[in-house]
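Next up, run38.cif (mmCIF, N, CA and C atoms):
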data_final
#
loop_
_atom_site.label_atom_id
_atom_site.label_comp_id
_atom_site.auth_asym_id
_atom_site.auth_seq_id
_atom_site.Cartn_x
_atom_site.Cartn_y
_atom_site.Cartn_z
N MET A 1 22.79 10.06 20.58
CA MET A 1 21.54 10.36 19.89
C MET A 1 21.33 9.37 18.76
N ILE A 2 20.09 9.08 18.51
CA ILE A 2 19.73 8.14 17.45
C ILE A 2 18.79 8.84 16.48
N LEU A 3 19.16 8.81 15.22
CA LEU A 3 18.31 9.34 14.15
C LEU A 3 17.54 8.17 13.56
N ILE A 4 16.25 8.33 13.43
CA ILE A 4 15.40 7.28 12.85
C ILE A 4 15.11 7.67 11.41
N ASP A 5 15.48 6.79 10.48
CA ASP A 5 15.25 7.06 9.06
C ASP A 5 13.77 6.92 8.72
N SER A 6 13.39 7.58 7.65
CA SER A 6 11.99 7.53 7.20
C SER A 6 11.56 6.10 6.88
N SER A 7 12.49 5.24 6.46
CA SER A 7 12.13 3.85 6.14
C SER A 7 11.52 3.16 7.35
N VAL A 8 11.98 3.48 8.54
CA VAL A 8 11.44 2.87 9.76
C VAL A 8 10.17 3.59 10.20
N TRP A 9 10.19 4.92 10.16
CA TRP A 9 8.99 5.68 10.55
C TRP A 9 7.80 5.31 9.67
N ILE A 10 8.01 5.19 8.38
CA ILE A 10 6.91 4.87 7.47
C ILE A 10 6.32 3.51 7.80
N ASP A 11 7.18 2.51 8.02
CA ASP A 11 6.67 1.20 8.44
C ASP A 11 5.93 1.30 9.76
N TYR A 12 6.47 2.08 10.68
CA TYR A 12 5.86 2.25 12.00
C TYR A 12 4.45 2.85 11.88
N PHE A 13 4.32 3.93 11.13
CA PHE A 13 3.02 4.57 10.99
C PHE A 13 2.04 3.74 10.16
N ASN A 14 2.55 2.88 9.30
CA ASN A 14 1.68 1.99 8.53
C ASN A 14 1.30 0.73 9.30
N GLY A 15 1.77 0.60 10.53
CA GLY A 15 1.42 -0.55 11.36
C GLY A 15 2.16 -1.83 10.99
N ARG A 16 3.24 -1.69 10.24
CA ARG A 16 4.02 -2.86 9.83
C ARG A 16 4.94 -3.26 10.99
N THR A 17 4.90 -4.51 11.37
CA THR A 17 5.72 -4.99 12.46
C THR A 17 7.00 -5.62 11.90
N THR A 18 8.12 -5.02 12.26
CA THR A 18 9.44 -5.52 11.89
C THR A 18 10.31 -5.43 13.14
N PRO A 19 11.46 -6.07 13.14
CA PRO A 19 12.36 -5.88 14.29
C PRO A 19 12.71 -4.41 14.54
N LYS A 20 12.80 -3.65 13.47
CA LYS A 20 13.17 -2.23 13.62
C LYS A 20 12.01 -1.40 14.16
N THR A 21 10.78 -1.68 13.72
CA THR A 21 9.64 -0.94 14.28
C THR A 21 9.40 -1.37 15.73
N ASP A 22 9.65 -2.63 16.03
CA ASP A 22 9.55 -3.08 17.43
C ASP A 22 10.57 -2.36 18.30
N TRP A 23 11.80 -2.22 17.77
CA TRP A 23 12.83 -1.51 18.52
C TRP A 23 12.39 -0.06 18.74
N LEU A 24 11.91 0.58 17.68
CA LEU A 24 11.46 1.96 17.79
C LEU A 24 10.35 2.09 18.82
N ASP A 25 9.39 1.21 18.77
CA ASP A 25 8.27 1.26 19.71
C ASP A 25 8.76 1.17 21.15
N SER A 26 9.72 0.28 21.40
CA SER A 26 10.23 0.13 22.77
C SER A 26 11.16 1.29 23.16
N ALA A 27 11.76 1.96 22.17
CA ALA A 27 12.69 3.06 22.45
C ALA A 27 11.99 4.38 22.74
N LEU A 28 10.75 4.53 22.25
CA LEU A 28 10.03 5.78 22.46
C LEU A 28 9.91 6.07 23.95
N GLY A 29 10.44 7.20 24.37
CA GLY A 29 10.42 7.58 25.78
C GLY A 29 11.60 7.03 26.57
N ASN A 30 12.39 6.13 25.95
CA ASN A 30 13.52 5.51 26.66
C ASN A 30 14.87 5.80 26.03
N GLN A 31 14.89 6.31 24.82
CA GLN A 31 16.14 6.59 24.11
C GLN A 31 16.14 8.05 23.65
N SER A 32 17.33 8.57 23.41
CA SER A 32 17.46 9.93 22.88
C SER A 32 17.32 9.88 21.36
N ILE A 33 16.12 10.18 20.89
CA ILE A 33 15.79 10.12 19.47
C ILE A 33 15.66 11.53 18.94
N LEU A 34 16.13 11.73 17.70
CA LEU A 34 15.94 13.02 17.06
C LEU A 34 15.38 12.81 15.66
N ILE A 35 14.86 13.90 15.13
CA ILE A 35 14.28 13.90 13.79
C ILE A 35 15.07 14.89 12.94
N GLY A 36 15.38 14.49 11.73
CA GLY A 36 15.99 15.41 10.78
C GLY A 36 14.90 16.08 9.96
N ASP A 37 15.11 17.32 9.59
CA ASP A 37 14.09 18.05 8.84
C ASP A 37 13.75 17.36 7.51
N ILE A 38 14.75 16.77 6.87
CA ILE A 38 14.51 16.07 5.60
C ILE A 38 13.65 14.84 5.83
N ILE A 39 13.93 14.13 6.91
CA ILE A 39 13.16 12.93 7.25
C ILE A 39 11.74 13.32 7.62
N LEU A 40 11.60 14.42 8.34
CA LEU A 40 10.26 14.92 8.68
C LEU A 40 9.44 15.13 7.42
N THR A 41 10.04 15.73 6.41
CA THR A 41 9.36 15.94 5.12
C THR A 41 9.00 14.62 4.47
N GLU A 42 9.96 13.70 4.40
CA GLU A 42 9.70 12.40 3.75
C GLU A 42 8.54 11.66 4.40
N VAL A 43 8.51 11.67 5.72
CA VAL A 43 7.46 10.93 6.43
C VAL A 43 6.10 11.61 6.27
N LEU A 44 6.05 12.90 6.54
CA LEU A 44 4.76 13.60 6.55
C LEU A 44 4.13 13.72 5.16
N GLN A 45 4.94 13.79 4.12
CA GLN A 45 4.36 13.96 2.79
C GLN A 45 3.55 12.74 2.34
N GLY A 46 3.75 11.61 2.99
CA GLY A 46 3.05 10.40 2.57
C GLY A 46 1.64 10.24 3.12
N PHE A 47 1.25 11.06 4.06
CA PHE A 47 -0.08 10.92 4.67
C PHE A 47 -1.14 11.52 3.77
N GLN A 48 -2.18 10.74 3.49
CA GLN A 48 -3.28 11.24 2.67
C GLN A 48 -4.41 11.80 3.54
N ASN A 49 -4.57 11.26 4.72
CA ASN A 49 -5.64 11.65 5.62
C ASN A 49 -5.14 12.76 6.55
N ASP A 50 -5.89 13.86 6.64
CA ASP A 50 -5.48 15.01 7.47
C ASP A 50 -5.34 14.64 8.94
N LYS A 51 -6.24 13.81 9.44
CA LYS A 51 -6.18 13.41 10.85
C LYS A 51 -4.90 12.64 11.13
N ASP A 52 -4.54 11.70 10.25
CA ASP A 52 -3.31 10.92 10.43
C ASP A 52 -2.08 11.82 10.31
N PHE A 53 -2.13 12.75 9.37
CA PHE A 53 -1.02 13.71 9.20
C PHE A 53 -0.80 14.50 10.49
N LYS A 54 -1.87 15.02 11.06
CA LYS A 54 -1.76 15.82 12.27
C LYS A 54 -1.25 14.99 13.45
N ALA A 55 -1.72 13.76 13.56
CA ALA A 55 -1.28 12.89 14.66
C ALA A 55 0.21 12.56 14.51
N ALA A 56 0.64 12.23 13.30
CA ALA A 56 2.06 11.92 13.06
C ALA A 56 2.92 13.15 13.30
N LYS A 57 2.48 14.29 12.81
CA LYS A 57 3.23 15.54 13.01
C LYS A 57 3.40 15.84 14.49
N SER A 58 2.34 15.66 15.25
CA SER A 58 2.39 15.90 16.68
C SER A 58 3.40 14.97 17.36
N LEU A 59 3.38 13.69 17.01
CA LEU A 59 4.32 12.74 17.59
C LEU A 59 5.75 13.09 17.22
N LEU A 60 5.98 13.35 15.94
CA LEU A 60 7.35 13.61 15.48
C LEU A 60 7.92 14.90 16.06
N LEU A 61 7.08 15.90 16.25
CA LEU A 61 7.56 17.17 16.78
C LEU A 61 7.81 17.14 18.29
N ASP A 62 7.51 16.00 18.92
CA ASP A 62 7.89 15.81 20.33
C ASP A 62 9.40 15.60 20.46
N PHE A 63 10.06 15.26 19.34
CA PHE A 63 11.49 15.03 19.34
C PHE A 63 12.21 16.28 18.83
N PRO A 64 13.48 16.43 19.21
CA PRO A 64 14.24 17.54 18.64
C PRO A 64 14.34 17.37 17.13
N VAL A 65 14.14 18.46 16.39
CA VAL A 65 14.26 18.45 14.93
C VAL A 65 15.52 19.23 14.57
N MET A 66 16.38 18.60 13.77
CA MET A 66 17.63 19.24 13.37
C MET A 66 17.67 19.47 11.86
N GLU A 67 18.24 20.61 11.48
CA GLU A 67 18.47 20.87 10.07
C GLU A 67 19.61 19.97 9.61
N MET A 68 19.44 19.32 8.47
CA MET A 68 20.38 18.29 8.06
C MET A 68 21.33 18.69 6.94
N LEU A 69 21.07 19.73 6.20
CA LEU A 69 21.91 19.96 5.03
C LEU A 69 22.78 21.20 5.23
N GLY A 70 22.49 22.29 4.63
CA GLY A 70 23.37 23.45 4.70
C GLY A 70 24.61 23.24 3.85
N GLN A 71 25.39 24.27 3.70
CA GLN A 71 26.54 24.25 2.80
C GLN A 71 27.58 23.20 3.20
N GLU A 72 27.96 23.17 4.47
CA GLU A 72 29.01 22.23 4.91
C GLU A 72 28.59 20.78 4.68
N MET A 73 27.35 20.44 5.05
CA MET A 73 26.89 19.06 4.87
C MET A 73 26.68 18.73 3.40
N ALA A 74 26.30 19.71 2.60
CA ALA A 74 26.15 19.48 1.17
C ALA A 74 27.49 19.05 0.56
N ILE A 75 28.55 19.74 0.95
CA ILE A 75 29.87 19.41 0.43
C ILE A 75 30.35 18.07 0.97
N LYS A 76 30.16 17.82 2.28
CA LYS A 76 30.57 16.53 2.86
C LYS A 76 29.80 15.38 2.21
N SER A 77 28.52 15.59 1.95
CA SER A 77 27.71 14.55 1.32
C SER A 77 28.20 14.26 -0.09
N ALA A 78 28.54 15.31 -0.83
CA ALA A 78 29.07 15.13 -2.19
C ALA A 78 30.40 14.37 -2.14
N LEU A 79 31.25 14.72 -1.19
CA LEU A 79 32.53 14.02 -1.05
C LEU A 79 32.32 12.55 -0.70
N ASN A 80 31.38 12.28 0.19
CA ASN A 80 31.10 10.89 0.55
C ASN A 80 30.54 10.11 -0.64
N TYR A 81 29.67 10.73 -1.41
CA TYR A 81 29.13 10.09 -2.61
C TYR A 81 30.29 9.74 -3.56
N ARG A 82 31.19 10.69 -3.76
CA ARG A 82 32.34 10.48 -4.64
C ARG A 82 33.25 9.38 -4.12
N ARG A 83 33.46 9.33 -2.79
CA ARG A 83 34.28 8.26 -2.21
C ARG A 83 33.69 6.89 -2.52
N LEU A 84 32.39 6.80 -2.37
CA LEU A 84 31.72 5.52 -2.66
C LEU A 84 31.80 5.18 -4.14
N ARG A 85 31.60 6.17 -5.01
CA ARG A 85 31.69 5.93 -6.47
C ARG A 85 33.08 5.43 -6.86
N LYS A 86 34.11 5.96 -6.21
CA LYS A 86 35.48 5.50 -6.50
C LYS A 86 35.67 4.03 -6.11
N ARG A 87 34.84 3.55 -5.20
CA ARG A 87 34.87 2.14 -4.80
C ARG A 87 33.92 1.30 -5.66
N GLY A 88 33.28 1.94 -6.61
CA GLY A 88 32.35 1.23 -7.48
C GLY A 88 30.94 1.10 -6.92
N VAL A 89 30.63 1.89 -5.90
CA VAL A 89 29.32 1.83 -5.24
C VAL A 89 28.52 3.07 -5.62
N THR A 90 27.31 2.86 -6.11
CA THR A 90 26.41 3.98 -6.41
C THR A 90 25.22 3.90 -5.48
N ILE A 91 25.01 4.96 -4.72
CA ILE A 91 23.84 5.05 -3.85
C ILE A 91 22.68 5.55 -4.71
N ARG A 92 21.53 4.87 -4.61
CA ARG A 92 20.38 5.17 -5.46
C ARG A 92 19.76 6.53 -5.18
N LYS A 93 19.76 6.95 -3.91
CA LYS A 93 19.07 8.19 -3.55
C LYS A 93 20.04 9.14 -2.85
N THR A 94 20.19 10.32 -3.42
CA THR A 94 21.07 11.33 -2.85
C THR A 94 20.69 11.62 -1.40
N ILE A 95 19.41 11.61 -1.09
CA ILE A 95 18.97 11.92 0.27
C ILE A 95 19.56 10.95 1.29
N ASP A 96 19.79 9.69 0.87
CA ASP A 96 20.38 8.72 1.80
C ASP A 96 21.85 9.05 2.07
N VAL A 97 22.55 9.56 1.09
CA VAL A 97 23.94 10.00 1.32
C VAL A 97 23.94 11.19 2.28
N ILE A 98 22.99 12.09 2.12
CA ILE A 98 22.89 13.24 3.02
C ILE A 98 22.61 12.78 4.45
N ILE A 99 21.65 11.88 4.62
CA ILE A 99 21.30 11.39 5.95
C ILE A 99 22.48 10.67 6.58
N GLY A 100 23.11 9.78 5.83
CA GLY A 100 24.26 9.05 6.36
C GLY A 100 25.41 9.98 6.71
N SER A 101 25.70 10.93 5.84
CA SER A 101 26.79 11.89 6.08
C SER A 101 26.50 12.74 7.32
N PHE A 102 25.25 13.13 7.49
CA PHE A 102 24.83 13.89 8.67
C PHE A 102 25.11 13.09 9.94
N CYS A 103 24.75 11.82 9.93
CA CYS A 103 24.98 10.97 11.11
C CYS A 103 26.47 10.79 11.37
N ILE A 104 27.24 10.53 10.32
CA ILE A 104 28.68 10.37 10.48
C ILE A 104 29.29 11.64 11.06
N HIS A 105 28.95 12.78 10.49
CA HIS A 105 29.50 14.07 10.94
C HIS A 105 29.17 14.36 12.40
N ASN A 106 27.97 14.03 12.82
CA ASN A 106 27.52 14.34 14.19
C ASN A 106 27.71 13.19 15.17
N ASN A 107 28.27 12.08 14.68
CA ASN A 107 28.48 10.90 15.51
C ASN A 107 27.17 10.35 16.09
N PHE A 108 26.10 10.41 15.29
CA PHE A 108 24.81 9.85 15.68
C PHE A 108 24.70 8.44 15.12
N SER A 109 23.93 7.61 15.78
CA SER A 109 23.58 6.29 15.25
C SER A 109 22.31 6.42 14.42
N LEU A 110 22.19 5.56 13.42
CA LEU A 110 21.03 5.58 12.53
C LEU A 110 20.28 4.27 12.62
N LEU A 111 18.97 4.36 12.79
CA LEU A 111 18.10 3.19 12.68
C LEU A 111 17.43 3.29 11.32
N HIS A 112 17.68 2.30 10.47
CA HIS A 112 17.16 2.34 9.11
C HIS A 112 16.72 0.96 8.66
N ASP A 113 16.00 0.93 7.57
CA ASP A 113 15.64 -0.32 6.91
C ASP A 113 15.75 -0.08 5.41
N ASP A 114 16.97 0.31 4.97
CA ASP A 114 17.19 0.71 3.59
C ASP A 114 18.61 0.28 3.19
N ARG A 115 18.71 -0.52 2.17
CA ARG A 115 20.01 -1.08 1.76
C ARG A 115 21.00 -0.02 1.28
N ASP A 116 20.54 1.16 0.94
CA ASP A 116 21.46 2.21 0.51
C ASP A 116 22.43 2.63 1.61
N PHE A 117 22.09 2.38 2.86
CA PHE A 117 22.97 2.79 3.95
C PHE A 117 24.09 1.79 4.21
N VAL A 118 23.96 0.58 3.71
CA VAL A 118 24.96 -0.46 3.98
C VAL A 118 26.36 -0.06 3.52
N PRO A 119 26.54 0.48 2.31
CA PRO A 119 27.89 0.91 1.93
C PRO A 119 28.43 2.04 2.81
N LEU A 120 27.57 2.90 3.30
CA LEU A 120 28.02 3.96 4.21
C LEU A 120 28.51 3.35 5.52
N GLU A 121 27.87 2.27 5.97
CA GLU A 121 28.33 1.55 7.16
C GLU A 121 29.68 0.90 6.87
N LYS A 122 29.77 0.22 5.76
CA LYS A 122 30.95 -0.58 5.42
C LYS A 122 32.18 0.28 5.12
N TYR A 123 32.02 1.33 4.34
CA TYR A 123 33.17 2.10 3.87
C TYR A 123 33.39 3.43 4.57
N LEU A 124 32.34 3.99 5.17
CA LEU A 124 32.46 5.33 5.76
C LEU A 124 32.20 5.34 7.27
N ASN A 125 32.07 4.17 7.87
CA ASN A 125 31.90 4.02 9.32
C ASN A 125 30.62 4.64 9.87
N LEU A 126 29.55 4.60 9.10
CA LEU A 126 28.25 5.02 9.63
C LEU A 126 27.87 4.08 10.76
N LYS A 127 27.55 4.65 11.92
CA LYS A 127 27.09 3.84 13.05
C LYS A 127 25.59 3.61 12.91
N THR A 128 25.18 2.36 13.14
CA THR A 128 23.77 2.04 13.08
C THR A 128 23.34 1.32 14.34
N VAL A 129 22.05 1.35 14.59
CA VAL A 129 21.49 0.62 15.72
C VAL A 129 21.46 -0.85 15.32
N GLN A 130 22.07 -1.67 16.14
CA GLN A 130 22.13 -3.11 15.87
C GLN A 130 20.96 -3.79 16.57
N ILE A 131 20.17 -4.50 15.79
CA ILE A 131 18.99 -5.18 16.33
C ILE A 131 19.27 -6.67 16.39
#
Just give me the structure as structure tokens.
Amino acid sequence: MILIDSSVWIDYFNGRTTPKTDWLDSALGNQSILIGDIILTEVLQGFQNDKDFKAAKSLLLDFPVMEMLGQEMAIKSALNYRRLRKRGVTIRKTIDVIIGSFCIHNNFSLLHDDRDFVPLEKYLNLKTVQI
């Protein structure tokens, strides 16, 4: 399974062409993609136009949506954050530690366009989609 981070979805819905949005476009219907509830919130909250919101919601809800946090993942995410801090690495956004920890825990690959995930790849073995 592949989790698509909001950084890629946002570029995709904004019509921005990048190697990652191209990969996503070609993967739709061909890869096992899932949506995390936190990512669903991040993506949908950015739409100002109701029509665009409804269209994006419809597309995103075609994929399985998984709950990403809960007590176990909250603790694992905190531990992963602390592991990185002990290495001198500070992740800017707690939500990225949660997303990365969720992928690590479930052995999912992550497609992202956010530098905060790089230390999770390097030190915590986060699997990512290689483009």
Residues within 12 Å of Gly88 of chain A, please, as a PDB file with N, CA and C atoms, keeping the file's coordinate frame. Count only C-alpha atoms; anything in the same chain fewer than 5 positions from it doesn't count.
ATOM      1  N   TYR A  81      29.670  10.730  -1.410  1.00  0.00           N
ATOM      2  CA  TYR A  81      29.130  10.090  -2.610  1.00  0.00           C
ATOM      3  C   TYR A  81      30.290   9.740  -3.560  1.00  0.00           C
ATOM      4  N   ARG A  82      31.190  10.690  -3.760  1.00  0.00           N
ATOM      5  CA  ARG A  82      32.340  10.480  -4.640  1.00  0.00           C
ATOM      6  C   ARG A  82      33.250   9.380  -4.120  1.00  0.00           C
ATOM      7  N   ARG A  83      33.460   9.330  -2.790  1.00  0.00           N
ATOM      8  CA  ARG A  83      34.280   8.260  -2.210  1.00  0.00           C
ATOM      9  C   ARG A  83      33.690   6.890  -2.520  1.00  0.00           C
ATOM     10  N   PRO A 119      26.540   0.480   2.310  1.00  0.00           N
ATOM     11  CA  PRO A 119      27.890   0.910   1.930  1.00  0.00           C
ATOM     12  C   PRO A 119      28.430   2.040   2.810  1.00  0.00           C
ATOM     13  N   TYR A 123      32.020   1.330   4.340  1.00  0.00           N
ATOM     14  CA  TYR A 123      33.170   2.100   3.870  1.00  0.00           C
ATOM     15  C   TYR A 123      33.390   3.430   4.570  1.00  0.00           C
TER      16      TYR A 123
END
Can you turn the PyMOL selection byres (((chain A and resi 120 and name CA) around 10) and name CA) into a concrete residue list for this file, as a VMD selection string?
-> chain A and resid 80 to 81 83 to 84 89 91 96 to 97 100 to 101 104 115 to 119 121 to 127
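Within 9 Å of the point (13.5, 5.2, 15.3), counting only C-alpha atoms, the protein and nucleic acid residues come to A:Ile2, A:Leu3, A:Ile4, A:Asp5, A:Ser6, A:Val8, A:Trp9, A:Tyr12, A:Lys20, A:Thr21, A:Trp23, A:Leu24, A:Asp25, A:Ala27, A:Leu28, A:Ile33, A:Leu34, A:Ile35, A:Leu110, A:Leu111, A:His112.
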Which of these residues is nearest to Asn107 of chain A, using only N, CA and C atoms: A:Leu60, A:Met1, A:Ile75, A:Leu69?
->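 Checking each of A:Leu60, A:Met1, A:Ile75, A:Leu69 against Asn107 of chain A, counting only N, CA and C atoms, the winner is A:Met1.
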A:Gln45, A:Gln31, A:Ser77, A:Thr17 ranked by distance to Phe102 of chain A, top pick (using only C-alpha atoms) =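 Closest to Phe102 of chain A, using only C-alpha atoms: A:Ser77.
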Could you tell me how far atom N of Asp113 of chain A lies from atom C of Leu59 of chain A, in Å and to one decimal?
->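 Computed distance, atom N of Asp113 of chain A to atom C of Leu59 of chain A, equals 18.6 Å.
Take atom CA of Phe47 of chain A and atom CA of Met68 of chain A: the distance between them is 22.0 Å.
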Quick one: pick out all strand (DSSP E or B) residues within chain A from a backbone DSSP run and write them as a PyMOL selection string.
-> chain A and resi 2-4+33-36+65-66+109-111+128
Residues of segment 14-100 of chain A in alpha helix (DSSP H), written as a compact mmCIF listing (two decimals) with N, CA and C atoms, in the frame of the given file:
# COMPACT_ATOMS: atom_id res chain seq x y z
N PRO A 19 11.46 -6.07 13.14
CA PRO A 19 12.36 -5.88 14.29
C PRO A 19 12.71 -4.41 14.54
N LYS A 20 12.80 -3.65 13.47
CA LYS A 20 13.17 -2.23 13.62
C LYS A 20 12.01 -1.40 14.16
N THR A 21 10.78 -1.68 13.72
CA THR A 21 9.64 -0.94 14.28
C THR A 21 9.40 -1.37 15.73
N ASP A 22 9.65 -2.63 16.03
CA ASP A 22 9.55 -3.08 17.43
C ASP A 22 10.57 -2.36 18.30
N TRP A 23 11.80 -2.22 17.77
CA TRP A 23 12.83 -1.51 18.52
C TRP A 23 12.39 -0.06 18.74
N LEU A 24 11.91 0.58 17.68
CA LEU A 24 11.46 1.96 17.79
C LEU A 24 10.35 2.09 18.82
N ASP A 25 9.39 1.21 18.77
CA ASP A 25 8.27 1.26 19.71
C ASP A 25 8.76 1.17 21.15
N SER A 26 9.72 0.28 21.40
CA SER A 26 10.23 0.13 22.77
C SER A 26 11.16 1.29 23.16
N ALA A 27 11.76 1.96 22.17
CA ALA A 27 12.69 3.06 22.45
C ALA A 27 11.99 4.38 22.74
N ASP A 37 15.11 17.32 9.59
CA ASP A 37 14.09 18.05 8.84
C ASP A 37 13.75 17.36 7.51
N ILE A 38 14.75 16.77 6.87
CA ILE A 38 14.51 16.07 5.60
C ILE A 38 13.65 14.84 5.83
N ILE A 39 13.93 14.13 6.91
CA ILE A 39 13.16 12.93 7.25
C ILE A 39 11.74 13.32 7.62
N LEU A 40 11.60 14.42 8.34
CA LEU A 40 10.26 14.92 8.68
C LEU A 40 9.44 15.13 7.42
N THR A 41 10.04 15.73 6.41
CA THR A 41 9.36 15.94 5.12
C THR A 41 9.00 14.62 4.47
N GLU A 42 9.96 13.70 4.40
CA GLU A 42 9.70 12.40 3.75
C GLU A 42 8.54 11.66 4.40
N VAL A 43 8.51 11.67 5.72
CA VAL A 43 7.46 10.93 6.43
C VAL A 43 6.10 11.61 6.27
N LEU A 44 6.05 12.90 6.54
CA LEU A 44 4.76 13.60 6.55
C LEU A 44 4.13 13.72 5.16
N ASP A 50 -5.89 13.86 6.64
CA ASP A 50 -5.48 15.01 7.47
C ASP A 50 -5.34 14.64 8.94
N LYS A 51 -6.24 13.81 9.44
CA LYS A 51 -6.18 13.41 10.85
C LYS A 51 -4.90 12.64 11.13
N ASP A 52 -4.54 11.70 10.25
CA ASP A 52 -3.31 10.92 10.43
C ASP A 52 -2.08 11.82 10.31
N PHE A 53 -2.13 12.75 9.37
CA PHE A 53 -1.02 13.71 9.20
C PHE A 53 -0.80 14.50 10.49
N LYS A 54 -1.87 15.02 11.06
CA LYS A 54 -1.76 15.82 12.27
C LYS A 54 -1.25 14.99 13.45
N ALA A 55 -1.72 13.76 13.56
CA ALA A 55 -1.28 12.89 14.66
C ALA A 55 0.21 12.56 14.51
N ALA A 56 0.64 12.23 13.30
CA ALA A 56 2.06 11.92 13.06
C ALA A 56 2.92 13.15 13.30
N LYS A 57 2.48 14.29 12.81
CA LYS A 57 3.23 15.54 13.01
C LYS A 57 3.40 15.84 14.49
N SER A 58 2.34 15.66 15.25
CA SER A 58 2.39 15.90 16.68
C SER A 58 3.40 14.97 17.36
N LEU A 59 3.38 13.69 17.01
CA LEU A 59 4.32 12.74 17.59
C LEU A 59 5.75 13.09 17.22
N LEU A 60 5.98 13.35 15.94
CA LEU A 60 7.35 13.61 15.48
C LEU A 60 7.92 14.90 16.06
N GLY A 70 22.49 22.29 4.63
CA GLY A 70 23.37 23.45 4.70
C GLY A 70 24.61 23.24 3.85
N GLN A 71 25.39 24.27 3.70
CA GLN A 71 26.54 24.25 2.80
C GLN A 71 27.58 23.20 3.20
N GLU A 72 27.96 23.17 4.47
CA GLU A 72 29.01 22.23 4.91
C GLU A 72 28.59 20.78 4.68
N MET A 73 27.35 20.44 5.05
CA MET A 73 26.89 19.06 4.87
C MET A 73 26.68 18.73 3.40
N ALA A 74 26.30 19.71 2.60
CA ALA A 74 26.15 19.48 1.17
C ALA A 74 27.49 19.05 0.56
N ILE A 75 28.55 19.74 0.95
CA ILE A 75 29.87 19.41 0.43
C ILE A 75 30.35 18.07 0.97
N LYS A 76 30.16 17.82 2.28
CA LYS A 76 30.57 16.53 2.86
C LYS A 76 29.80 15.38 2.21
N SER A 77 28.52 15.59 1.95
CA SER A 77 27.71 14.55 1.32
C SER A 77 28.20 14.26 -0.09
N ALA A 78 28.54 15.31 -0.83
CA ALA A 78 29.07 15.13 -2.19
C ALA A 78 30.40 14.37 -2.14
N LEU A 79 31.25 14.72 -1.19
CA LEU A 79 32.53 14.02 -1.05
C LEU A 79 32.32 12.55 -0.70
N ASN A 80 31.38 12.28 0.19
CA ASN A 80 31.10 10.89 0.55
C ASN A 80 30.54 10.11 -0.64
N TYR A 81 29.67 10.73 -1.41
CA TYR A 81 29.13 10.09 -2.61
C TYR A 81 30.29 9.74 -3.56
N ARG A 82 31.19 10.69 -3.76
CA ARG A 82 32.34 10.48 -4.64
C ARG A 82 33.25 9.38 -4.12
N ARG A 83 33.46 9.33 -2.79
CA ARG A 83 34.28 8.26 -2.21
C ARG A 83 33.69 6.89 -2.52
N LEU A 84 32.39 6.80 -2.37
CA LEU A 84 31.72 5.52 -2.66
C LEU A 84 31.80 5.18 -4.14
N ARG A 85 31.60 6.17 -5.01
CA ARG A 85 31.69 5.93 -6.47
C ARG A 85 33.08 5.43 -6.86
N LYS A 86 34.11 5.96 -6.21
CA LYS A 86 35.48 5.50 -6.50
C LYS A 86 35.67 4.03 -6.11
N THR A 94 20.19 10.32 -3.42
CA THR A 94 21.07 11.33 -2.85
C THR A 94 20.69 11.62 -1.40
N ILE A 95 19.41 11.61 -1.09
CA ILE A 95 18.97 11.92 0.27
C ILE A 95 19.56 10.95 1.29
N ASP A 96 19.79 9.69 0.87
CA ASP A 96 20.38 8.72 1.80
C ASP A 96 21.85 9.05 2.07
N VAL A 97 22.55 9.56 1.09
CA VAL A 97 23.94 10.00 1.32
C VAL A 97 23.94 11.19 2.28
N ILE A 98 22.99 12.09 2.12
CA ILE A 98 22.89 13.24 3.02
C ILE A 98 22.61 12.78 4.45
N ILE A 99 21.65 11.88 4.62
CA ILE A 99 21.30 11.39 5.95
C ILE A 99 22.48 10.67 6.58
N GLY A 100 23.11 9.78 5.83
CA GLY A 100 24.26 9.05 6.36
C GLY A 100 25.41 9.98 6.71
Provide the atom C of Glu42 of chain A to atom CA of Ser109 of chain A distance in Å, to one decimal place.
->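 Atom CA of Ser109 of chain A lies 19.3 Å from atom C of Glu42 of chain A.
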Once 5 Å is added on each side, what are the centre and the three edge lengths, in Å to one decimal, of the axis-aligned box enclosing the listed atoms of segment 103-112 of chain A? Present them as lines of an AutoDock Vina configuration file.
center_x = 23.1
center_y = 7.7
center_z = 12.4
size_x = 22.8
size_y = 23.4
size_z = 17.4
